[in-house]
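Right, one structure below, let's go through it.
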Amino acid sequence: MSTNRTLRPSLKTVLKTSTVAGLAAVLLTTGLPAQITQSFAEAVNVQAPAVPSFANVVDAVSPAVVSVRVQSRERATDESNFTFDFGGRGFEDLPDDHPLKRFFREFGGPGPGDGDRAERWRDRRGPQGEGRLRPRAQGSGFFITEDGYIVTNNHVVSDGSAFTVILNDGTELDAKLVGKDNRTDLAVLKVDSNRKFTYVTFADDSKVRVGDWVVAVGNPFGLGGTVTAGIVSARGRDIGSGPYDDYLQVDAAVNRGNSGGPTFNLSGEVVGINTAIFSPSGGNVGIAFAISSSVAKDVVDDLIKDGKVSRGWLGVQIQPVTKDIAESLGLSEASGALVVEPQAGSPGEKAGIKKGDIVTALNGEPVKDPRDLARRVAALRPGSSAEITLWRGGKSETVKFEIGTLPSETSDAAPATPDEQPEQGQAGEEALADLGLAVTPAEDGTGVMIASVDPDSDAADRGLKEGEKIVSVNNQEVKSADDILKVINNAKKDGRSKALFQIEASEGSRFVALPIGQG
């Protein structure tokens with residue numbers, strides 16, 4: 001008699017069965033026995049983002065960039081103006097055993113019968129009365145035409161007598177100065193050679209944006225072709241070097257010797273010409289300034305064509321329009337250029353422009369500030385006609401004038417005439433206490449002299465000093481304290497809180513807006 005028993009599987013049997021089932025599943029899904037491998041950690045490998053290389057730009061532009069070596073002649077004279085011209089007249093008359101003759105025979109100077117040698121000696125020393133050529137400066141430059149015109153800085157070549165350019169392959173070539181422009185610090189040299197040179201062109205810098213990559217190539221510290229890279233940090237910088245300042249600020253490393261060298265965009269076009277650095281230590285700190293290509297192009301074209309730059313000229317001394325000045329004259333916004341003084345006989349004076357006028361537009365285009373006006377007038381062709389819009393007496397009016405020619409190497413501002421200082425004890429009793437001023441009539445009958453300034457007053461804060469002259473207030477001439485008070489009271493009635501004072505001092509004329517309180 002058979003009996004059926006239900007057997008309970010043991011744990012060991014279950015584990016064996018599970019293992020077999022698992023292996024079967026692996027065989028069914030892969031068809032192959034599974035391989036078990038030992039696991040290792042992998043080395044860190046970050047996929048870096050693509051960064052532009054400057055190598056192609058550098059290869060293309062380097063042959064166009066040169067080093068510039070400048071020499072000048074120095075006269076060797078003492079205080080009696082005696083020139084040490086030992087090779088001049090009288091030398092051959094010395095006895096043969098004279099120490100000077102022996103010295104020049106032994107150390108390269110000319111002696112009797114040494115005709116060719118004497119000529120070579122004089123060539124090195126230059127014409128009689130001039131010294132030998134000596135190194136003076138070195139900088140950078142670049143070819144702007146294939147026939148050998150080179151752009152560099154004026155401060156590199158100024159006062160130079162001889163110029164040598166060194167190409168990137170080491171070739172040295174003599175160059176001559178074609179022209180220079182002190183106002184923009186630009187100069188042009190010319191190499192006379194039958195060969196055609198690799199040259200570069202100016203970029204349209206209106207398309208240059210802050211943050212764009214740039215590459216500077218030059219000759220820092222005389223090391224020769226050196227390449228640095230960075231970005232455009234700012235545009236339109238005014239560093240106080242002149243009325244036509246319009247610099248690009250770049251953070252590419254620029255050092256001594258880079259002056260006159262180009263800054264390129266990634267298309268190999270010149271966006272700026274390196275000319276200055278800001279540095280407390282004298283070395284690169286990441287703040288360099290380059291003359292913008294839009295300024296350089298017109299100047300370089302004029303220098304190549306005529307050897308000089310012809311600029312338009314209005315002939316007025318101007319200053320910025322501050323918010324206080326704009327408010328004092330009833331102008332809605334602080335823009336334009338305030339006329340301090342038209343120069344005698346200038347196109348501005350002939351057109352009827354007066355001190356205290358604000359130039360708000362030129363040929364219908366708004367004027368931002370004095371620098372904007374100076375650049376735009378300079379760009380106009382001398383002899384052409386132009387229209388200028390003025391804010392005068394609380395309203396706008398337009399006048400026409402003929403563009404003059406800016407005198408060469410003269411100041412753009414009208415010369416200042418020193419004022420006579422008031423004698424001690426002649427100060428009047430009338431005091432403009434609210435303004436912190438005490439005044440007395442000027443001896444010449446024009447304006448009033450400032451006898452004293454309260455050091456805690458707004459007048460002192462704005463730079464008014466004892467001995468200066470107040471010529472006008474709100475463009476109305478004043479000859480006494482009463483005249484000033486009358487103008488101030490009228491301004492208060494018009495709801496103005498400031499009045500515009502024209503101040504004359506030994507260094508020139510200026511306008512200052514002073515608070516006058518509410519009317």
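Letters A, B, ... mark the chains of the structure tokens in the order given; residue numbers begin at 1 per chain; ligand numbers begin at 1, in order shown.
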Exercise. Would you mind listing what lies within 8 Å of A:Phe289 as a ChimeraX atom specification, with only C-alpha atoms counted and same-chain residues fewer than 2 positions away left out?
Key: /A:247-250,274-277,287,291
Output the selection as an mmCIF file, in the first residue's frame - all heavy atoms for each residue.
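The new file result-v9.cif reads:
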data_model
loop_
_atom_site.group_PDB
_atom_site.id
_atom_site.type_symbol
_atom_site.label_atom_id
_atom_site.label_comp_id
_atom_site.auth_asym_id
_atom_site.auth_seq_id
_atom_site.Cartn_x
_atom_site.Cartn_y
_atom_site.Cartn_z
ATOM 1 N N TYR A 247 39.100 106.423 -26.928
ATOM 2 C CA TYR A 247 39.920 105.218 -26.827
ATOM 3 C C TYR A 247 39.098 103.963 -26.566
ATOM 4 O O TYR A 247 38.073 104.009 -25.879
ATOM 5 C CB TYR A 247 40.943 105.369 -25.699
ATOM 6 C CG TYR A 247 42.031 106.377 -25.968
ATOM 7 C CD1 TYR A 247 41.957 107.659 -25.440
ATOM 8 C CD2 TYR A 247 43.133 106.050 -26.745
ATOM 9 C CE1 TYR A 247 42.950 108.595 -25.683
ATOM 10 C CE2 TYR A 247 44.136 106.972 -26.990
ATOM 11 C CZ TYR A 247 44.041 108.242 -26.464
ATOM 12 O OH TYR A 247 45.025 109.159 -26.707
ATOM 13 N N LEU A 248 39.603 102.856 -27.098
ATOM 14 C CA LEU A 248 39.144 101.543 -26.675
ATOM 15 C C LEU A 248 39.977 101.137 -25.465
ATOM 16 O O LEU A 248 41.201 101.312 -25.459
ATOM 17 C CB LEU A 248 39.341 100.500 -27.780
ATOM 18 C CG LEU A 248 38.539 100.648 -29.069
ATOM 19 C CD1 LEU A 248 38.932 99.537 -30.039
ATOM 20 C CD2 LEU A 248 37.055 100.611 -28.802
ATOM 21 N N GLN A 249 39.328 100.604 -24.454
ATOM 22 C CA GLN A 249 40.055 100.052 -23.317
ATOM 23 C C GLN A 249 40.087 98.540 -23.467
ATOM 24 O O GLN A 249 39.047 97.903 -23.668
ATOM 25 C CB GLN A 249 39.385 100.426 -21.999
ATOM 26 C CG GLN A 249 40.105 99.864 -20.768
ATOM 27 C CD GLN A 249 39.373 100.187 -19.480
ATOM 28 O OE1 GLN A 249 38.766 101.251 -19.355
ATOM 29 N NE2 GLN A 249 39.418 99.273 -18.524
ATOM 30 N N VAL A 250 41.282 97.960 -23.407
ATOM 31 C CA VAL A 250 41.433 96.513 -23.570
ATOM 32 C C VAL A 250 42.218 95.962 -22.389
ATOM 33 O O VAL A 250 42.982 96.686 -21.736
ATOM 34 C CB VAL A 250 42.151 96.163 -24.897
ATOM 35 C CG1 VAL A 250 41.357 96.678 -26.088
ATOM 36 C CG2 VAL A 250 43.562 96.727 -24.927
ATOM 37 N N ASN A 274 47.614 100.764 -29.999
ATOM 38 C CA ASN A 274 47.999 100.855 -28.592
ATOM 39 C C ASN A 274 48.815 102.121 -28.349
ATOM 40 O O ASN A 274 49.799 102.382 -29.054
ATOM 41 C CB ASN A 274 48.816 99.627 -28.190
ATOM 42 C CG ASN A 274 48.044 98.346 -28.398
ATOM 43 O OD1 ASN A 274 46.856 98.265 -28.089
ATOM 44 N ND2 ASN A 274 48.705 97.338 -28.949
ATOM 45 N N THR A 275 48.415 102.898 -27.348
ATOM 46 C CA THR A 275 49.103 104.174 -27.131
ATOM 47 C C THR A 275 49.362 104.491 -25.671
ATOM 48 O O THR A 275 50.252 105.273 -25.375
ATOM 49 C CB THR A 275 48.291 105.317 -27.775
ATOM 50 O OG1 THR A 275 49.075 106.502 -27.791
ATOM 51 C CG2 THR A 275 47.002 105.580 -27.014
ATOM 52 N N ALA A 276 48.615 103.910 -24.734
ATOM 53 C CA ALA A 276 48.812 104.268 -23.327
ATOM 54 C C ALA A 276 48.358 103.127 -22.436
ATOM 55 O O ALA A 276 47.545 102.287 -22.832
ATOM 56 C CB ALA A 276 48.018 105.535 -22.983
ATOM 57 N N ILE A 277 48.914 103.096 -21.232
ATOM 58 C CA ILE A 277 48.485 102.128 -20.224
ATOM 59 C C ILE A 277 48.254 102.865 -18.914
ATOM 60 O O ILE A 277 48.831 103.925 -18.668
ATOM 61 C CB ILE A 277 49.513 100.993 -20.011
ATOM 62 C CG1 ILE A 277 50.861 101.562 -19.532
ATOM 63 C CG2 ILE A 277 49.691 100.168 -21.255
ATOM 64 C CD1 ILE A 277 51.877 100.489 -19.149
ATOM 65 N N ILE A 287 44.931 97.263 -17.934
ATOM 66 C CA ILE A 287 44.178 98.429 -18.402
ATOM 67 C C ILE A 287 45.034 99.149 -19.446
ATOM 68 O O ILE A 287 46.010 99.828 -19.098
ATOM 69 C CB ILE A 287 43.826 99.392 -17.251
ATOM 70 C CG1 ILE A 287 42.990 98.673 -16.194
ATOM 71 C CG2 ILE A 287 43.070 100.600 -17.784
ATOM 72 C CD1 ILE A 287 42.657 99.529 -14.985
ATOM 73 N N ILE A 291 43.912 103.815 -29.629
ATOM 74 C CA ILE A 291 43.219 104.790 -30.470
ATOM 75 C C ILE A 291 42.271 104.023 -31.385
ATOM 76 O O ILE A 291 42.680 103.098 -32.078
ATOM 77 C CB ILE A 291 44.222 105.593 -31.314
ATOM 78 C CG1 ILE A 291 45.236 106.286 -30.402
ATOM 79 C CG2 ILE A 291 43.506 106.608 -32.187
ATOM 80 C CD1 ILE A 291 46.436 106.845 -31.150
#
Report as JSON lines the residues of stretch 150-247 of chain A within 8 Å of stretch 363-381 of chain A, each with its shortest atom pair and distance in Å (one decimal), using only C-alpha atoms, ordered by chain and increasing residue number.
{"residue": "A:Pro243", "atom": "CA", "partner": "A:Arg371", "partner_atom": "CA", "distance": 5.8}
{"residue": "A:Tyr244", "atom": "CA", "partner": "A:Arg375", "partner_atom": "CA", "distance": 5.5}
{"residue": "A:Asp245", "atom": "CA", "partner": "A:Arg371", "partner_atom": "CA", "distance": 7.6}
Just-selected residues, all heavy atoms written as a PDB file, in the first residue's frame:
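Ended up saving to selection.pdb:
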ATOM      1  N   PRO A 243      41.426 116.829 -26.936  1.00  0.00           N
ATOM      2  CA  PRO A 243      39.991 117.000 -27.208  1.00  0.00           C
ATOM      3  C   PRO A 243      39.388 115.902 -28.076  1.00  0.00           C
ATOM      4  O   PRO A 243      38.174 115.831 -28.205  1.00  0.00           O
ATOM      5  CB  PRO A 243      39.942 118.352 -27.937  1.00  0.00           C
ATOM      6  CG  PRO A 243      41.293 118.485 -28.565  1.00  0.00           C
ATOM      7  CD  PRO A 243      42.251 117.835 -27.624  1.00  0.00           C
ATOM      8  N   TYR A 244      40.229 115.064 -28.673  1.00  0.00           N
ATOM      9  CA  TYR A 244      39.714 114.037 -29.585  1.00  0.00           C
ATOM     10  C   TYR A 244      39.811 112.637 -28.992  1.00  0.00           C
ATOM     11  O   TYR A 244      39.804 111.647 -29.715  1.00  0.00           O
ATOM     12  CB  TYR A 244      40.456 114.105 -30.928  1.00  0.00           C
ATOM     13  CG  TYR A 244      40.525 115.506 -31.484  1.00  0.00           C
ATOM     14  CD1 TYR A 244      41.738 116.159 -31.636  1.00  0.00           C
ATOM     15  CD2 TYR A 244      39.353 116.198 -31.804  1.00  0.00           C
ATOM     16  CE1 TYR A 244      41.792 117.456 -32.116  1.00  0.00           C
ATOM     17  CE2 TYR A 244      39.406 117.494 -32.282  1.00  0.00           C
ATOM     18  CZ  TYR A 244      40.623 118.118 -32.433  1.00  0.00           C
ATOM     19  OH  TYR A 244      40.673 119.415 -32.899  1.00  0.00           O
ATOM     20  N   ASP A 245      39.916 112.552 -27.677  1.00  0.00           N
ATOM     21  CA  ASP A 245      40.014 111.249 -27.018  1.00  0.00           C
ATOM     22  C   ASP A 245      38.793 110.386 -27.349  1.00  0.00           C
ATOM     23  O   ASP A 245      37.649 110.807 -27.160  1.00  0.00           O
ATOM     24  CB  ASP A 245      40.094 111.419 -25.500  1.00  0.00           C
ATOM     25  CG  ASP A 245      41.486 111.824 -25.044  1.00  0.00           C
ATOM     26  OD1 ASP A 245      42.297 112.178 -25.903  1.00  0.00           O
ATOM     27  OD2 ASP A 245      41.746 111.794 -23.831  1.00  0.00           O
TER      28      ASP A 245
END
*Identify, with DSSP run on backbone atoms, the residues in stretch 304-361 of chain A assigned to alpha helix (DSSP H), and express the list as a ChimeraX atom specification.*
/A:304-306,323-328,347-350
Shell of 12 Å around stretch 278-283 of chain A, only C-alpha atoms, local chain residues under 6 positions omitted, as a ChimeraX atom specification
/A:220-221,239,249-251,253-258,289-290
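Candidate residues A:Val151, A:Val309, A:Val399, A:Val471 were compared for distance to A:Pro382, and the nearest is A:Val309, using only C-alpha atoms.
Coordinates place atom CA of A:Glu172 at a distance of 28.1 Å from atom CA of A:Asn284.
Of the listed residues A:Ser241, A:Asn474, A:Ser335, A:Ser53, the one whose atoms come nearest to A:Gln319 is A:Ser335, with distances taken using only C-alpha atoms.
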* In stretch 434-492 of chain A, what's strand (DSSP E) per DSSP? Answer as a ChimeraX atom specification? -> /A:437-441,448-453,469-473,476-477
Just to be explicit: take each residue in the selection above, keep C-alpha atoms, and write the result as a PDB file, in the first residue's frame.
ATOM      1  CA  LEU A 437      30.444 135.708  -1.090  1.00  0.00           C
ATOM      2  CA  ALA A 438      31.654 139.238  -0.501  1.00  0.00           C
ATOM      3  CA  VAL A 439      32.282 141.209  -3.707  1.00  0.00           C
ATOM      4  CA  THR A 440      33.568 144.593  -4.786  1.00  0.00           C
ATOM      5  CA  PRO A 441      33.400 146.290  -8.201  1.00  0.00           C
ATOM      6  CA  VAL A 448      32.956 142.220  -9.723  1.00  0.00           C
ATOM      7  CA  MET A 449      35.909 140.848  -7.830  1.00  0.00           C
ATOM      8  CA  ILE A 450      35.441 138.206  -5.130  1.00  0.00           C
ATOM      9  CA  ALA A 451      36.795 139.760  -1.946  1.00  0.00           C
ATOM     10  CA  SER A 452      36.167 136.755   0.308  1.00  0.00           C
ATOM     11  CA  VAL A 453      34.537 133.316   0.279  1.00  0.00           C
ATOM     12  CA  LYS A 469      36.129 137.798 -11.060  1.00  0.00           C
ATOM     13  CA  ILE A 470      32.379 137.304 -11.577  1.00  0.00           C
ATOM     14  CA  VAL A 471      31.704 138.524 -15.121  1.00  0.00           C
ATOM     15  CA  SER A 472      28.060 137.582 -15.536  1.00  0.00           C
ATOM     16  CA  VAL A 473      25.166 135.811 -13.850  1.00  0.00           C
ATOM     17  CA  GLN A 476      23.729 138.986 -17.853  1.00  0.00           C
ATOM     18  CA  GLU A 477      26.704 141.229 -17.184  1.00  0.00           C
TER      19      GLU A 477
END
